[in-house]
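Remarks on the structure that follows.
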Amino acid sequence: MATNVGGRRLVVGLYVGIVCFTGVAGYLAAGVVTEIESPKLLFLIPFPATRLGLAAYGALTIALVLGVLLIAVTVVADRVDEAAPGDTAADDTGSELKTAASERETAPATDNRNPGSADDADR
């Protein structure tokens with residue numbers, strides 16, 4: 001079953017859905033719990049302890065945390081997509097090992113016999 005939803009579109013859709021869900025959860029939590037202290041976004045910006053205040057606090061907190069992670073993943077994914085195979089130092093080391101192994105395989109076989117052995121006298 002093929003769909004037209006691409007990877008980025010799916011991730012952004014999930015991001016928006018999670019942020020909206022968190023806002024609704026904050027709104028509902030303020031209606032159920034009676035004594036709530038006013039939350040502070042990043043320990044700096046106070047929000048009122050009302051339904052809308054907690055909804056905004058929850059949505060903004062999750063949007064900020066997930067947004068930073070989403071941007072980081074996007075930047076890394078773009079850099080990985082742009083990198084050509086063999087650009088890393090680890091690949092260089094592996095190619096040096098492969099080169100050394102292929103040189104050993106193509107080198108002529110050496111005579112491991114003792115030079116003064118009885119086999120040399122027969123020649």
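Ordered as shown in the structure tokens, chains take letters A, B, and onward, while each chain numbers its residues from 1 and ligands are numbered from 1 in the order shown.
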* **Selection near stretch 38-51 of chain A, 12 Å with only C-alpha atoms, sequence-local residues under 2 positions removed, as number ranges by chain** => A: 23-36, 53-65
* Within 12 Å of A:Leu69 using only C-alpha atoms, minus same-chain residues under 6 positions, as a list in words -> Val11, Val12, Tyr15, Ile62, Ala63, Val75 and Val76 of chain A
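The spacing separating atom CA of A:Gly6 from atom CA of A:Asp81 amounts to 15.7 Å.
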